[in-house]
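**Q** Just one file: data.cif, with mmCIF, C-alpha atoms.
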```cif
data_input
loop_
_atom_site.label_atom_id
_atom_site.label_comp_id
_atom_site.auth_asym_id
_atom_site.auth_seq_id
_atom_site.Cartn_x
_atom_site.Cartn_y
_atom_site.Cartn_z
CA MET U 8 -117.96 219.71 94.59
CA TYR U 9 -116.47 218.96 91.18
CA GLN U 10 -116.00 215.76 89.27
CA LEU U 11 -112.95 215.44 87.04
CA HIS U 12 -113.27 213.41 83.86
CA ARG U 13 -111.08 212.73 80.89
CA GLU U 14 -111.98 215.08 78.08
CA GLU U 15 -113.93 213.19 75.44
CA LYS U 16 -114.52 214.17 71.81
CA SER U 17 -118.05 215.18 72.77
CA ASP U 18 -116.61 217.79 75.18
CA TRP U 19 -114.52 219.56 72.51
CA TRP U 20 -116.80 222.45 71.53
CA GLU U 21 -117.96 223.12 75.06
CA VAL U 22 -114.32 223.34 76.19
CA GLU U 23 -113.51 225.60 73.24
CA ALA U 24 -116.37 227.90 74.27
CA LEU U 25 -114.94 228.04 77.80
CA TYR U 26 -111.51 228.99 76.43
CA ASP U 27 -113.10 231.69 74.26
CA LEU U 28 -114.85 233.08 77.34
CA CYS U 29 -111.72 233.02 79.54
CA PHE U 30 -109.05 234.23 77.12
CA ALA U 31 -108.59 237.26 74.94
CA PRO U 32 -109.77 237.21 71.34
CA GLY U 33 -107.05 235.96 69.05
CA ARG U 34 -105.75 233.38 71.52
CA GLU U 35 -105.22 230.98 68.65
CA ALA U 36 -102.68 233.36 67.10
CA LEU U 37 -100.25 232.69 69.97
CA THR U 38 -97.09 230.78 69.10
CA SER U 39 -98.02 227.84 71.35
CA TYR U 40 -101.07 227.17 69.18
CA ARG U 41 -98.81 226.26 66.23
CA PHE U 42 -97.90 223.12 68.17
CA ARG U 43 -101.58 222.24 68.52
CA ASP U 44 -102.62 222.62 64.88
CA GLY U 45 -103.79 219.26 63.57
CA VAL U 46 -102.71 217.44 66.74
CA PRO U 47 -105.19 216.00 69.24
CA PRO U 48 -104.67 216.70 72.94
CA VAL U 49 -102.90 213.96 74.87
CA GLU U 50 -105.56 211.40 75.62
CA GLY U 51 -106.24 210.81 79.28
CA LEU U 52 -104.39 213.89 80.55
CA SER U 53 -106.75 216.51 79.18
CA LEU U 54 -109.46 216.87 81.81
CA VAL U 55 -112.79 218.59 82.29
CA ALA U 56 -114.32 219.56 85.64
CA ARG U 57 -118.08 219.51 85.99
CA ASP U 58 -120.25 220.50 88.92
CA GLU U 59 -122.93 218.28 90.43
CA GLU U 60 -125.36 219.40 87.71
CA GLY U 61 -122.94 218.44 84.94
CA ILE U 62 -122.10 222.04 84.01
CA LEU U 63 -118.58 222.59 82.73
CA ALA U 64 -116.60 224.60 85.27
CA GLY U 65 -113.02 224.12 84.06
CA ALA U 66 -110.73 222.35 81.64
CA ILE U 67 -107.07 221.60 81.04
CA ARG U 68 -105.33 220.27 77.96
CA PHE U 69 -101.90 218.85 77.19
CA TRP U 70 -100.17 218.51 73.82
CA PRO U 71 -97.20 216.41 72.73
CA VAL U 72 -94.13 218.36 71.62
CA GLN U 73 -90.43 217.61 71.58
CA VAL U 74 -87.24 219.31 72.65
CA ASP U 75 -83.91 217.84 71.51
CA ASN U 76 -85.88 214.88 70.08
CA GLN U 77 -87.22 214.09 73.55
CA PRO U 78 -90.96 213.97 74.28
CA VAL U 79 -92.38 216.83 76.33
CA LEU U 80 -95.90 217.67 77.45
CA LEU U 81 -97.05 221.19 76.59
CA LEU U 82 -99.59 222.24 79.22
CA GLY U 83 -102.32 224.61 78.18
CA PRO U 84 -104.70 226.04 78.10
CA VAL U 85 -106.11 225.64 81.55
CA ALA U 86 -109.26 227.63 82.27
CA VAL U 87 -111.87 228.01 84.97
CA HIS U 88 -115.25 229.59 84.26
CA PRO U 89 -115.29 233.18 85.63
CA THR U 90 -118.14 232.34 88.02
CA ARG U 91 -116.06 229.48 89.50
CA GLN U 92 -112.72 231.22 89.90
CA GLY U 93 -111.22 231.46 93.36
CA GLU U 94 -112.54 228.05 94.42
CA GLY U 95 -109.27 226.14 93.85
CA LEU U 96 -110.49 224.46 90.69
CA GLY U 97 -107.46 225.50 88.60
CA ASP U 98 -105.21 224.04 91.29
CA LEU U 99 -107.21 220.80 91.27
CA LEU U 100 -107.03 220.50 87.48
CA ILE U 101 -103.28 221.14 87.35
CA ARG U 102 -102.31 218.89 90.26
CA SER U 103 -104.57 216.04 89.14
CA SER U 104 -103.35 216.10 85.56
CA LEU U 105 -99.68 216.33 86.59
CA GLU U 106 -100.18 213.31 88.84
CA LYS U 107 -101.70 211.41 85.91
CA ALA U 108 -98.79 212.45 83.66
CA THR U 109 -96.29 211.19 86.23
CA ASN U 110 -98.16 207.90 86.55
CA GLU U 111 -98.17 207.52 82.77
CA SER U 112 -94.37 207.85 82.72
CA TRP U 113 -94.08 211.28 81.15
CA GLU U 114 -90.74 212.81 82.10
CA ARG U 115 -91.24 216.55 81.67
CA VAL U 116 -93.86 219.27 81.20
CA MET U 117 -93.54 222.79 79.88
CA LEU U 118 -95.83 225.76 79.43
CA VAL U 119 -95.87 229.43 78.58
CA GLY U 120 -97.18 231.32 81.59
CA ASP U 121 -96.64 233.38 84.70
CA GLU U 122 -93.95 231.98 87.01
CA PRO U 123 -95.52 233.50 90.15
CA TYR U 124 -98.67 231.43 89.50
CA TYR U 125 -97.15 228.21 88.14
CA GLY U 126 -94.19 228.26 90.53
CA ARG U 127 -96.41 226.88 93.29
CA PHE U 128 -96.69 223.68 91.23
CA GLY U 129 -92.91 223.47 90.85
CA PHE U 130 -92.54 225.13 87.44
CA THR U 131 -89.38 227.20 86.91
CA ARG U 132 -87.93 229.10 83.99
CA LEU U 133 -86.39 226.93 81.26
CA ASN U 134 -83.30 228.84 80.22
CA GLY U 135 -82.15 226.36 77.58
CA VAL U 136 -85.52 225.72 75.95
CA ILE U 137 -86.49 228.01 73.10
CA MET U 138 -90.03 228.67 71.94
CA PRO U 139 -90.33 230.28 68.51
CA PRO U 140 -90.85 234.05 68.34
CA LEU U 141 -92.82 235.98 69.60
CA THR U 142 -92.80 234.05 72.85
CA ASN U 143 -91.30 235.90 75.80
CA PRO U 144 -88.47 233.63 77.07
CA GLU U 145 -89.21 234.72 80.66
CA ARG U 146 -92.55 232.90 80.39
CA VAL U 147 -91.19 229.54 79.17
CA LEU U 148 -91.49 227.33 82.25
CA GLY U 149 -90.86 223.66 82.91
CA LEU U 150 -91.38 220.97 85.49
CA ALA U 151 -89.42 217.72 85.78
CA LEU U 152 -91.85 214.94 86.63
CA HIS U 153 -88.86 212.69 87.34
CA ALA U 154 -85.61 213.92 88.87
CA GLY U 155 -83.22 215.35 86.29
CA ALA U 156 -85.65 215.11 83.37
CA TRP U 157 -84.71 218.56 82.06
CA ASP U 158 -80.96 218.25 82.79
CA GLU U 159 -79.95 217.07 79.31
CA CYS U 160 -82.93 218.44 77.42
CA ALA U 161 -82.48 221.82 75.74
CA GLY U 162 -83.05 223.46 72.40
CA LEU U 163 -85.90 224.49 70.17
CA VAL U 164 -89.43 223.31 70.96
CA GLU U 165 -90.77 221.44 67.95
CA LYS U 166 -94.02 219.85 66.92
CA MET U 167 -94.07 216.13 67.62
CA PRO U 168 -93.78 214.16 64.36
CA VAL U 169 -96.92 212.28 63.46
#
```
Just give me the structure of the file as structure tokens.

**A**
Amino acid sequence: MYQLHREEKSDWWEVEALYDLCFAPGREALTSYRFRDGVPPVEGLSLVARDEEGILAGAIRFWPVQVDNQPVLLLGPVAVHPTRQGEGLGDLLIRSSLEKATNESWERVMLVGDEPYYGRFGFTRLNGVIMPPLTNPERVLGLALHAGAWDECAGLVEKMPV
């Protein structure tokens, strides 16, 4: 059994260690990380999952970006400790955080990832949304949290102004 909690500042380094464990070295060189530089994760949507002993088992973060001057949530990374994979924890983190985003009136979410995995949550390819190079356009996916949210939203993904 896992307990989901909002990520707090005190969780930061433990979550970073989990991401280092789960992802290839150099993950911070990916284009999507340019949107995270100097920007805190969206408060309340970034979650950690802990087991009954308080051990970190998974985490998910969201970042504010914009497309066509419209606010968009950038999902990622989401990670589950290798010893906890296959238990549905990634699914729980994604569904719970998307529900929170919807309740907090966010309109749209995007990510860079595998459509076969994220498609089960409703994500589809965003043909009119452009991530800077070297992002593979086939992996730019989006989800409308409210009907039609992506209909008039296209263009270059940009860092949210501070």

**Q** Please tabulate, as a Markdown table, the residues of region 51-89 of chain U that come within 9 Å of region 100-119 of chain U, each with its closest pair of atoms and the distance in Å to one decimal, counting all atoms listed in the file and ordering rows by chain, then residue number upward.

**A**
```
| residue | atom | partner | partner_atom | distance |
| --- | --- | --- | --- | --- |
| U:Gly51 | CA | U:Lys107 | CA | 8.1 |
| U:Leu52 | CA | U:Ser104 | CA | 5.6 |
| U:Ser53 | CA | U:Ser104 | CA | 7.2 |
| U:Leu54 | CA | U:Leu100 | CA | 7.2 |
| U:Val55 | CA | U:Leu100 | CA | 8.0 |
| U:Ala56 | CA | U:Leu100 | CA | 7.6 |
| U:Gly65 | CA | U:Leu100 | CA | 7.8 |
| U:Ala66 | CA | U:Leu100 | CA | 7.2 |
| U:Ile67 | CA | U:Leu100 | CA | 6.5 |
| U:Arg68 | CA | U:Ser104 | CA | 8.9 |
| U:Phe69 | CA | U:Ser104 | CA | 8.9 |
| U:Pro78 | CA | U:Arg115 | CA | 7.8 |
| U:Val79 | CA | U:Arg115 | CA | 5.5 |
| U:Leu80 | CA | U:Val116 | CA | 4.6 |
| U:Leu81 | CA | U:Met117 | CA | 5.1 |
| U:Leu82 | CA | U:Leu118 | CA | 5.2 |
| U:Gly83 | CA | U:Leu118 | CA | 6.7 |
| U:Pro84 | CA | U:Leu118 | CA | 9.0 |
| U:Val85 | CA | U:Ile101 | CA | 7.9 |
```

**Q** Could you check which of U:Arg43, U:Gly120, U:Arg91, U:Asn143 is closest to Arg57 (chain U), using only C-alpha atoms?

**A** U:Arg91

**Q** Nearest residue to Gly45 (chain U) out of U:Pro71, U:Glu21, U:Gln92, U:Gly61, using only C-alpha atoms?

**A** U:Pro71

**Q** Which residues match the PyMOL selection byres ((chain U and resi 161) around 12) in the file above, as a list in words?

**A**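 When the PyMOL selection byres ((chain U and resi 161) around 12) is applied, the selected residues are Gln73, Val74, Asp75, Asn76, Gln77, Pro78, Val79, Arg115, Met117, Leu133, Asn134, Gly135, Val136, Ile137, Met138, Gly149, Ala156, Trp157, Asp158, Glu159, Cys160, Gly162, Leu163, Val164 and Glu165 of chain U.
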
**Q** What is the CA of Glu59 (chain U) to CA of Asp98 (chain U) distance in Å?

**A** 18.7 Å

**Q** CA of His88 (chain U) and CA of Leu28 (chain U), how far apart in Å?

**A**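 Interatomic distance here is 7.8 Å.
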
**Q** Using all atoms listed in the file, pick whichever of U:Trp70, U:Asp58, U:Val147, U:Thr131 has the shortest atom-to-atom distance to Leu96 (chain U).

**A**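 With all atoms listed in the file as the atom set, the closest residue is U:Asp58.
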
**Q** Calculate how many Å separate CA of Glu50 (chain U) from CA of Asp27 (chain U), rounding to one decimal.

**A**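 Taking CA of Glu50 (chain U) as the start and CA of Asp27 (chain U) as the end point, the length is 21.7 Å.
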
**Q** Can you work out which one of U:Val46, U:Val22, U:Ala31, U:Leu11 has the shortest atom-to-atom distance to Ala86 (chain U), counting all atoms listed in the file?

**A**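 Between U:Val46, U:Val22, U:Ala31, U:Leu11, the residue approaching Ala86 (chain U) most closely is U:Val22.
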
**Q** Edge lengths and centre in Å to one decimal, as lines of an AutoDock Vina configuration file, of the axis-aligned box that encloses all listed atoms of region 55-70 of chain U with 5 Å added on every side?

**A**
```
center_x = -112.8
center_y = 221.4
center_z = 82.1
size_x = 35.2
size_y = 16.3
size_z = 26.6
```
